[in-house]
$ cat structure_10.cif   # mmCIF, C-alpha atoms
data_structure
loop_
_atom_site.label_atom_id
_atom_site.label_comp_id
_atom_site.auth_asym_id
_atom_site.auth_seq_id
_atom_site.Cartn_x
_atom_site.Cartn_y
_atom_site.Cartn_z
CA MET A 148 75.87 -52.38 -34.65
CA ASP A 149 77.81 -49.46 -36.14
CA ILE A 150 80.68 -51.86 -37.01
CA GLN A 151 78.25 -53.89 -39.13
CA TYR A 152 77.01 -50.67 -40.74
CA LYS A 153 80.57 -49.63 -41.54
CA ASN A 154 81.28 -53.04 -43.10
CA ILE A 155 78.24 -52.62 -45.35
CA ILE A 156 79.47 -49.14 -46.33
CA LYS A 157 82.90 -50.63 -47.10
CA TYR A 158 81.45 -53.26 -49.42
CA CYS A 159 79.19 -50.72 -51.13
CA LYS A 160 82.25 -48.54 -51.79
CA LYS A 161 84.11 -51.52 -53.24
CA ALA A 162 81.15 -52.41 -55.45
CA MET A 163 80.96 -48.84 -56.78
CA THR A 164 84.72 -48.75 -57.38
CA TYR A 165 84.68 -51.98 -59.39
CA GLU A 166 81.62 -50.77 -61.28
CA TYR A 167 83.35 -47.54 -62.27
CA MET A 168 86.45 -49.50 -63.27
CA SER A 169 84.35 -51.74 -65.51
CA TYR A 170 83.14 -48.67 -67.40
CA PHE A 171 86.66 -48.44 -68.81
CA LEU A 172 85.70 -51.45 -70.96
CA ILE A 173 82.77 -49.47 -72.37
CA VAL A 174 85.09 -46.58 -73.23
CA LEU A 175 87.46 -48.94 -75.02
CA ALA A 176 84.53 -50.56 -76.80
CA LEU A 177 83.32 -47.19 -78.09
CA ILE A 178 86.81 -46.30 -79.28
CA PHE A 179 87.22 -49.57 -81.18
CA ALA A 180 83.65 -49.30 -82.52
CA GLY A 181 84.43 -45.86 -83.88
CA ILE A 182 87.55 -47.18 -85.61
CA GLY A 183 85.56 -50.15 -86.94
CA LEU A 184 82.79 -47.95 -88.32
CA ALA A 185 85.40 -45.90 -90.16
CA ASP A 186 86.56 -49.08 -91.91
CA ASN A 187 84.98 -49.35 -95.37
CA SER A 188 85.02 -53.15 -95.43
CA LYS A 189 81.62 -54.59 -96.34
CA SER A 190 81.65 -57.60 -94.04
CA VAL A 191 81.50 -57.22 -90.28
CA PHE A 192 83.98 -60.06 -89.95
CA ASP A 193 86.44 -58.05 -92.03
CA LYS A 194 86.38 -55.31 -89.36
CA PRO A 195 88.60 -56.58 -86.51
CA TYR A 196 88.18 -53.41 -84.45
CA PHE A 197 84.42 -53.79 -84.59
CA ILE A 198 84.76 -57.41 -83.42
CA ILE A 199 87.02 -56.29 -80.56
CA SER A 200 84.39 -53.71 -79.61
CA ILE A 201 81.69 -56.39 -79.40
CA CYS A 202 83.97 -58.60 -77.30
CA LEU A 203 84.65 -55.75 -74.91
CA ILE A 204 80.93 -55.10 -74.49
CA VAL A 205 80.33 -58.78 -73.76
CA LEU A 206 83.23 -58.72 -71.28
CA TRP A 207 81.72 -55.65 -69.58
CA ILE A 208 78.32 -57.35 -69.26
CA VAL A 209 79.92 -60.45 -67.72
CA THR A 210 82.08 -58.32 -65.40
CA HIS A 211 79.15 -56.16 -64.36
CA PHE A 212 76.86 -59.06 -63.49
CA ALA A 213 79.64 -61.01 -61.76
CA ASN A 214 80.53 -57.95 -59.69
CA SER A 215 76.85 -57.29 -58.88
CA TYR A 216 76.19 -60.92 -57.96
CA TYR A 217 79.21 -61.14 -55.64
CA PHE A 218 78.53 -57.91 -53.73
CA HIS A 219 74.77 -58.46 -53.75
CA LYS A 220 75.31 -61.80 -52.03
CA LYS A 221 77.77 -60.31 -49.48
CA VAL A 222 75.65 -57.29 -48.56
CA LYS A 223 72.39 -59.27 -48.47
CA LYS A 224 73.93 -61.63 -45.91
CA MET A 225 75.04 -58.63 -43.82
CA LEU A 226 71.55 -57.13 -43.98
CA LYS A 227 70.09 -60.33 -42.57
CA ASP A 228 72.52 -60.16 -39.64
CA ILE A 229 71.43 -56.70 -38.47
CA GLU A 230 68.34 -56.34 -36.32
CA VAL A 231 66.37 -53.90 -38.45
CA ASN A 232 63.58 -54.06 -40.99
CA THR A 233 65.55 -54.83 -44.15
CA SER A 234 62.73 -55.20 -46.71
CA GLN A 235 63.15 -51.66 -48.03
CA LEU A 236 66.94 -51.98 -47.99
CA GLU A 237 66.76 -55.23 -49.96
CA ASP A 238 64.55 -53.52 -52.55
CA VAL A 239 67.31 -50.96 -53.07
CA LEU A 240 69.95 -53.70 -53.10
CA ASN A 241 68.10 -55.74 -55.73
CA LYS A 242 68.38 -52.86 -58.17
CA CYS A 243 72.17 -53.25 -58.26
CA TYR A 244 72.03 -55.40 -61.42
CA PHE A 245 70.41 -52.70 -63.53
CA PHE A 246 71.04 -49.48 -61.58
CA PRO A 247 74.33 -50.24 -59.78
CA ILE A 248 75.52 -46.71 -59.04
CA TYR A 249 72.10 -45.68 -57.70
CA SER A 250 71.77 -48.88 -55.65
CA TRP A 251 75.22 -48.88 -54.04
CA GLY A 252 75.21 -45.11 -53.57
CA SER A 253 71.79 -45.16 -51.86
CA LEU A 254 72.85 -47.93 -49.49
CA MET A 255 76.03 -46.06 -48.62
CA ARG A 256 74.09 -42.89 -47.77
CA ILE A 257 71.53 -44.81 -45.70
CA PHE A 258 74.14 -46.55 -43.57
CA GLN A 259 76.43 -43.50 -43.32
CA ASN A 260 73.49 -41.58 -41.85
CA ALA A 261 72.85 -44.50 -39.50
CA VAL A 262 76.49 -44.44 -38.36
CA ASN A 263 76.30 -40.67 -37.74
CA GLU A 264 73.10 -41.10 -35.72
CA THR A 265 74.78 -43.84 -33.68
CA GLU A 266 77.77 -41.56 -33.01
CA ILE A 267 75.42 -38.78 -31.89
CA LYS A 268 73.45 -41.15 -29.64
CA ARG A 269 76.63 -42.47 -28.04
CA PHE A 270 77.90 -38.94 -27.57
CA ASN A 271 74.63 -37.88 -25.90
CA GLU A 272 74.75 -40.86 -23.55
CA MET A 273 78.31 -39.99 -22.53
CA GLN A 274 77.44 -36.32 -22.22
CA ASN A 275 74.44 -37.03 -19.98
CA GLU A 276 76.62 -39.17 -17.70
CA ASN A 277 79.11 -36.41 -17.20
CA THR A 278 78.24 -32.84 -16.27
CA LYS A 279 81.40 -31.82 -14.40
CA GLY A 280 83.39 -28.72 -15.24
CA PHE A 281 80.53 -26.36 -16.13
CA ILE A 282 81.30 -22.65 -15.75
CA GLN A 283 78.53 -20.06 -15.68
CA THR A 284 78.63 -16.30 -16.05
CA GLU A 285 75.83 -13.75 -16.09
CA ARG A 286 75.08 -14.48 -19.76
CA LEU A 287 77.01 -17.62 -20.67
CA ILE A 288 77.66 -21.25 -19.82
CA LEU A 289 80.73 -23.34 -20.63
CA ARG A 290 79.50 -26.88 -21.33
CA HIS A 291 80.17 -30.01 -23.32
CA PHE A 292 79.14 -30.07 -26.96
CA GLU A 293 75.72 -31.43 -27.91
CA ASP A 294 74.47 -32.81 -31.22
CA LYS A 295 72.41 -29.66 -31.82
CA ASP A 296 75.71 -27.70 -31.97
CA LEU A 297 76.95 -29.57 -35.04
CA ASP A 298 75.72 -27.25 -37.82
CA PHE A 299 76.88 -24.06 -36.10
CA VAL A 300 80.35 -25.44 -35.32
CA TYR A 301 80.67 -26.70 -38.90
CA GLN A 302 79.66 -23.27 -40.17
CA TYR A 303 82.21 -21.18 -38.27
CA ARG A 304 85.04 -23.71 -38.53
CA ASN A 305 84.71 -23.52 -42.31
CA ASN A 306 84.22 -19.76 -42.47
CA PRO A 307 87.46 -18.24 -43.88
CA GLU A 308 86.77 -14.95 -42.07
CA ILE A 309 87.03 -16.82 -38.76
CA ASN A 310 89.43 -19.73 -39.29
CA VAL A 311 92.05 -17.43 -40.79
CA TYR A 312 92.83 -16.50 -37.16
CA GLN A 313 92.73 -20.09 -35.85
CA THR A 314 95.43 -22.75 -35.82
CA TYR A 315 92.99 -25.55 -36.66
CA ASP A 316 92.08 -26.67 -40.17
CA CYS A 317 88.60 -26.90 -41.66
CA PHE A 318 86.60 -29.91 -40.50
CA SER A 319 83.96 -32.15 -42.02
CA LYS A 320 80.85 -32.91 -39.97
CA GLU A 321 82.16 -36.42 -39.32
CA ASP A 322 85.40 -34.98 -37.89
CA ILE A 323 83.45 -32.55 -35.70
CA LEU A 324 81.29 -35.38 -34.31
CA LYS A 325 84.46 -37.28 -33.39
CA MET A 326 85.76 -34.13 -31.72
CA PHE A 327 82.51 -33.88 -29.71
CA LEU A 328 82.94 -37.48 -28.53
CA GLU A 329 86.61 -37.10 -27.65
CA ASN A 330 85.82 -34.16 -25.37
CA SER A 331 82.52 -35.34 -23.90
CA LYS A 332 84.03 -36.68 -20.66
CA LYS A 333 86.61 -33.97 -20.06
CA ASP A 334 86.55 -31.08 -17.62
CA ILE A 335 88.41 -27.80 -17.35
CA PHE A 336 91.33 -29.36 -15.49
CA ASP A 337 92.13 -32.02 -18.09
CA SER A 338 95.44 -31.67 -19.91
CA VAL A 339 93.72 -30.83 -23.21
CA ALA A 340 90.01 -30.21 -23.75
CA LEU A 341 87.52 -28.34 -25.91
CA PHE A 342 84.18 -26.95 -24.73
CA ALA A 343 81.16 -25.19 -26.17
CA VAL A 344 80.24 -21.67 -25.08
CA ALA A 345 76.47 -21.17 -25.05
CA LEU A 346 73.98 -18.47 -24.10
CA LYS A 347 72.71 -19.11 -20.59
CA GLU A 348 69.05 -18.32 -21.32
CA THR A 349 68.60 -20.30 -24.54
CA ASP A 350 71.55 -22.77 -24.47
CA GLU A 351 72.33 -21.67 -28.04
CA ILE A 352 75.99 -22.26 -28.87
CA ILE A 353 77.99 -19.15 -29.81
CA GLY A 354 81.53 -20.55 -30.00
CA GLU A 355 84.14 -22.75 -28.34
CA PHE A 356 86.94 -22.64 -25.78
CA PHE A 357 90.11 -24.71 -26.00
CA ILE A 358 92.17 -25.30 -22.85
CA SER A 359 95.54 -26.92 -22.20
CA ASN A 360 96.50 -27.44 -18.59
CA THR A 361 100.14 -28.07 -17.62
CA LEU A 362 100.37 -29.29 -14.04
CA VAL A 363 104.15 -29.11 -13.66
CA SER A 364 104.66 -25.48 -14.70
CA LYS A 365 101.14 -24.45 -13.63
CA GLU A 366 100.45 -22.96 -17.05
CA TYR A 367 96.88 -22.78 -18.28
CA PHE A 368 96.47 -22.11 -21.98
CA MET A 369 93.17 -20.75 -23.31
CA GLY A 370 92.05 -20.39 -26.91
CA PHE A 371 88.64 -19.22 -28.06
CA THR A 372 86.50 -18.89 -31.15
CA ILE A 373 83.26 -16.92 -31.26
CA GLY A 374 80.83 -17.14 -34.18
CA LYS A 375 80.75 -14.04 -36.37
CA GLU A 376 77.20 -13.02 -35.43
CA PHE A 377 78.10 -13.09 -31.71
CA GLN A 378 81.35 -11.15 -31.86
CA ARG A 379 81.94 -7.70 -30.34
CA GLN A 380 79.39 -8.30 -27.56
CA GLY A 381 81.87 -8.99 -24.76
CA TYR A 382 81.21 -12.74 -24.63
CA ALA A 383 84.85 -13.87 -24.97
CA SER A 384 86.13 -11.53 -22.25
CA GLU A 385 83.25 -12.50 -19.96
CA MET A 386 84.05 -16.22 -20.21
CA ILE A 387 87.84 -15.75 -20.00
CA ASP A 388 87.43 -13.67 -16.83
CA GLU A 389 85.18 -16.22 -15.15
CA LEU A 390 87.31 -19.17 -16.22
CA MET A 391 90.48 -17.57 -14.83
CA VAL A 392 88.79 -16.83 -11.50
CA HIS A 393 87.51 -20.41 -11.26
CA VAL A 394 90.91 -21.95 -12.07
CA GLU A 395 92.80 -19.58 -9.79
CA THR A 396 90.46 -20.46 -6.92
CA LYS A 397 91.19 -24.17 -7.36
CA LYS A 398 94.87 -23.79 -8.31
CA PRO A 399 96.45 -20.60 -6.98
CA LYS A 400 99.40 -18.93 -8.75
CA THR A 401 98.42 -20.33 -12.15
CA LYS A 402 100.01 -18.65 -15.16
CA PHE A 403 97.37 -18.02 -17.86
CA ILE A 404 98.51 -18.07 -21.49
CA CYS A 405 96.68 -16.90 -24.62
CA THR A 406 97.91 -16.37 -28.16
CA ALA A 407 96.71 -14.28 -31.08
CA TYR A 408 97.88 -13.75 -34.63
CA LYS A 409 99.51 -10.35 -35.04
CA LYS A 410 96.93 -9.43 -37.69
CA ASN A 411 94.03 -10.31 -35.34
CA ILE A 412 93.63 -6.81 -33.92
CA LYS A 413 90.33 -7.57 -32.16
CA SER A 414 91.71 -10.48 -30.11
CA ILE A 415 94.88 -8.58 -29.22
CA GLY A 416 92.79 -5.65 -28.02
CA LEU A 417 90.59 -7.99 -25.94
CA LEU A 418 93.57 -9.63 -24.23
CA LYS A 419 95.19 -6.29 -23.44
CA LYS A 420 91.87 -5.11 -21.98
CA LEU A 421 91.98 -8.15 -19.66
CA ASP A 422 95.53 -7.14 -18.55
CA PHE A 423 97.36 -9.85 -20.47
CA LYS A 424 100.98 -8.90 -21.20
CA SER A 425 102.92 -9.78 -24.35
CA ILE A 426 105.85 -12.08 -23.50
CA GLY A 427 107.07 -13.24 -26.90
CA ASN A 428 106.09 -14.49 -30.29
CA LEU A 429 106.28 -17.41 -32.66
CA SER A 430 105.06 -18.06 -36.19
CA ASP A 431 103.43 -20.66 -38.41
CA GLU A 432 102.29 -20.83 -42.03
CA LYS A 433 99.48 -18.33 -41.30
CA GLY A 434 101.75 -15.66 -39.86
CA GLU A 435 103.26 -14.26 -36.67
CA ILE A 436 101.65 -15.22 -33.35
CA ILE A 437 101.94 -13.08 -30.21
CA ILE A 438 102.05 -14.88 -26.85
CA PHE A 439 100.26 -13.25 -23.91
CA GLU A 440 100.47 -14.04 -20.20
CA LYS A 441 98.55 -13.08 -17.08
CA ARG A 442 99.19 -13.91 -13.42
CA PHE A 443 97.08 -13.20 -10.36
CA ASN A 444 98.91 -11.57 -7.44
#
$ encode --input "structure_10.cif" --output "structure tokens"
Amino acid sequence: MDIQYKNIIKYCKKAMTYEYMSYFLIVLALIFAGIGLADNSKSVFDKPYFIISICLIVLWIVTHFANSYYFHKKVKKMLKDIEVNTSQLEDVLNKCYFFPIYSWGSLMRIFQNAVNETEIKRFNEMQNENTKGFIQTERLILRHFEDKDLDFVYQYRNNPEINVYQTYDCFSKEDILKMFLENSKKDIFDSVALFAVALKETDEIIGEFFISNTLVSKEYFMGFTIGKEFQRQGYASEMIDELMVHVETKKPKTKFICTAYKKNIKSIGLLKKLDFKSIGNLSDEKGEIIIFEKRFN
């Protein structure tokens, strides 16, 4: 179903693009009309620029209605193929001849929302099928992402005060939903995975944990992000401690790795408090990164 929705979105985008392109004819018509009006000739037929302007307007009308007819026919056929009540959608579609931007734009938003809802539903189904890998502490739980986490994750991933210390870029909500889906069947021993950290009592998300597990060298990389309002409450150290104990129990002699930007004083202090030792550094476009390591005896 979502493939059909995406095809409708694609055609709506094309229709809007062609409609905007046709407005170039109107701009040209206005330019030539202005030149024609400046001509002092008495007869309209003695004003070639004015004639060109009229021709351009006629060409725009023909182009507009041809474009609307073609895409109206295509999208209407697609609407009939999907198993939903399309009467309201067809009412919006039928306005494309006289209100094209409104019509195509409204249809795009309707079906984009439908696609997002389908992604969320699919994600929830996958998440409900798979509950492995949960870690619990006194106050926290490490779990898969849920659709209710979307707004909070979007907020902190696009907060410059937080992402300045992260290696990831800002994400749109669509990208975050894809990220939720990609990680919905993973557990803490997968090669690469991302999990939500939530309060145990309320299940409210407070941040995320990234893990990268290398079987050959027995290295276990951990990265974490905590939302601004939940920082400095010991949540990150609590989850790191529990996660290391859990992994070490299953895979003894694991080498735990964390990194922090040199300017991220809070994270460096947290890692040192957990007995991580600095073993080197590297750098990227955001600055110098310190590498920390911890081993259990």
$ atom_distance --input "structure_10.cif" --atom1 "CA of Ala343 in chain A" --atom2 "CA of Val300 in chain A"
9.2 Å
$ residues_near_point --input "structure_10.cif" --point "(92.5, -22.2, -22.6)" --cutoff "7 Å" --atoms "all atoms listed in the file" --output "VMD selection string"
chain A and resid 356 to 359 367 to 370
$ resolve_selection --input "structure_10.cif" --expression "the PyMOL selection byres ((chain A and resi 353) around 9)" --output "JSON list (two decimals) with C-alpha atoms, keeping the file's coordinate frame"
[["chain", "number", "residue", "atom", "x", "y", "z"],
["A", 299, "PHE", "CA", 76.88, -24.06, -36.10],
["A", 300, "VAL", "CA", 80.35, -25.44, -35.32],
["A", 343, "ALA", "CA", 81.16, -25.19, -26.17],
["A", 344, "VAL", "CA", 80.24, -21.67, -25.08],
["A", 345, "ALA", "CA", 76.47, -21.17, -25.05],
["A", 346, "LEU", "CA", 73.98, -18.47, -24.10],
["A", 351, "GLU", "CA", 72.33, -21.67, -28.04],
["A", 352, "ILE", "CA", 75.99, -22.26, -28.87],
["A", 354, "GLY", "CA", 81.53, -20.55, -30.00],
["A", 355, "GLU", "CA", 84.14, -22.75, -28.34],
["A", 372, "THR", "CA", 86.50, -18.89, -31.15],
["A", 373, "ILE", "CA", 83.26, -16.92, -31.26],
["A", 374, "GLY", "CA", 80.83, -17.14, -34.18],
["A", 375, "LYS", "CA", 80.75, -14.04, -36.37],
["A", 376, "GLU", "CA", 77.20, -13.02, -35.43],
["A", 377, "PHE", "CA", 78.10, -13.09, -31.71],
["A", 378, "GLN", "CA", 81.35, -11.15, -31.86],
["A", 382, "TYR", "CA", 81.21, -12.74, -24.63]]
$ atom_distance --input "structure_10.cif" --atom1 "CA of Asn305 in chain A" --atom2 "CA of Met255 in chain A"
25.0 Å
$ closest_residue --input "structure_10.cif" --among "A:Ser384, A:Thr210, A:Ser338, A:Gln151" --to "Asn360 in chain A" --atoms "all atoms listed in the file"
A:Ser338
$ closest_residue --input "structure_10.cif" --among "A:Arg304, A:Lys441, A:Lys419, A:Arg256" --to "Lys320 in chain A" --atoms "only C-alpha atoms"
A:Arg304
$ residues_around --input "structure_10.cif" --residues "range 434-438 of chain A" --least-positions-apart "2" --cutoff "7 Å" --atoms "only C-alpha atoms" --output "mmCIF file with C-alpha atoms, in the frame of the given file"
data_model
loop_
_atom_site.group_PDB
_atom_site.id
_atom_site.type_symbol
_atom_site.label_atom_id
_atom_site.label_comp_id
_atom_site.auth_asym_id
_atom_site.auth_seq_id
_atom_site.Cartn_x
_atom_site.Cartn_y
_atom_site.Cartn_z
ATOM 1 C CA CYS A 405 96.680 -16.900 -24.620
ATOM 2 C CA THR A 406 97.910 -16.370 -28.160
ATOM 3 C CA ALA A 407 96.710 -14.280 -31.080
ATOM 4 C CA TYR A 408 97.880 -13.750 -34.630
ATOM 5 C CA LYS A 409 99.510 -10.350 -35.040
ATOM 6 C CA SER A 425 102.920 -9.780 -24.350
ATOM 7 C CA ILE A 426 105.850 -12.080 -23.500
ATOM 8 C CA GLY A 427 107.070 -13.240 -26.900
ATOM 9 C CA ASN A 428 106.090 -14.490 -30.290
ATOM 10 C CA LEU A 429 106.280 -17.410 -32.660
ATOM 11 C CA SER A 430 105.060 -18.060 -36.190
ATOM 12 C CA ASP A 431 103.430 -20.660 -38.410
ATOM 13 C CA GLU A 432 102.290 -20.830 -42.030
ATOM 14 C CA GLU A 440 100.470 -14.040 -20.200
#
$ atom_distance --input "structure_10.cif" --atom1 "CA of Glu395 in chain A" --atom2 "CA of Phe443 in chain A"
7.7 Å
$ closest_residue --input "structure_10.cif" --among "A:Ser319, A:Thr164, A:Thr284, A:Thr396" --to "Glu348 in chain A" --atoms "all atoms listed in the file"
A:Thr284
$ closest_residue --input "structure_10.cif" --among "A:Ala162, A:Leu175, A:Ile208, A:Val222" --to "Pro247 in chain A" --atoms "all atoms listed in the file"
A:Ala162
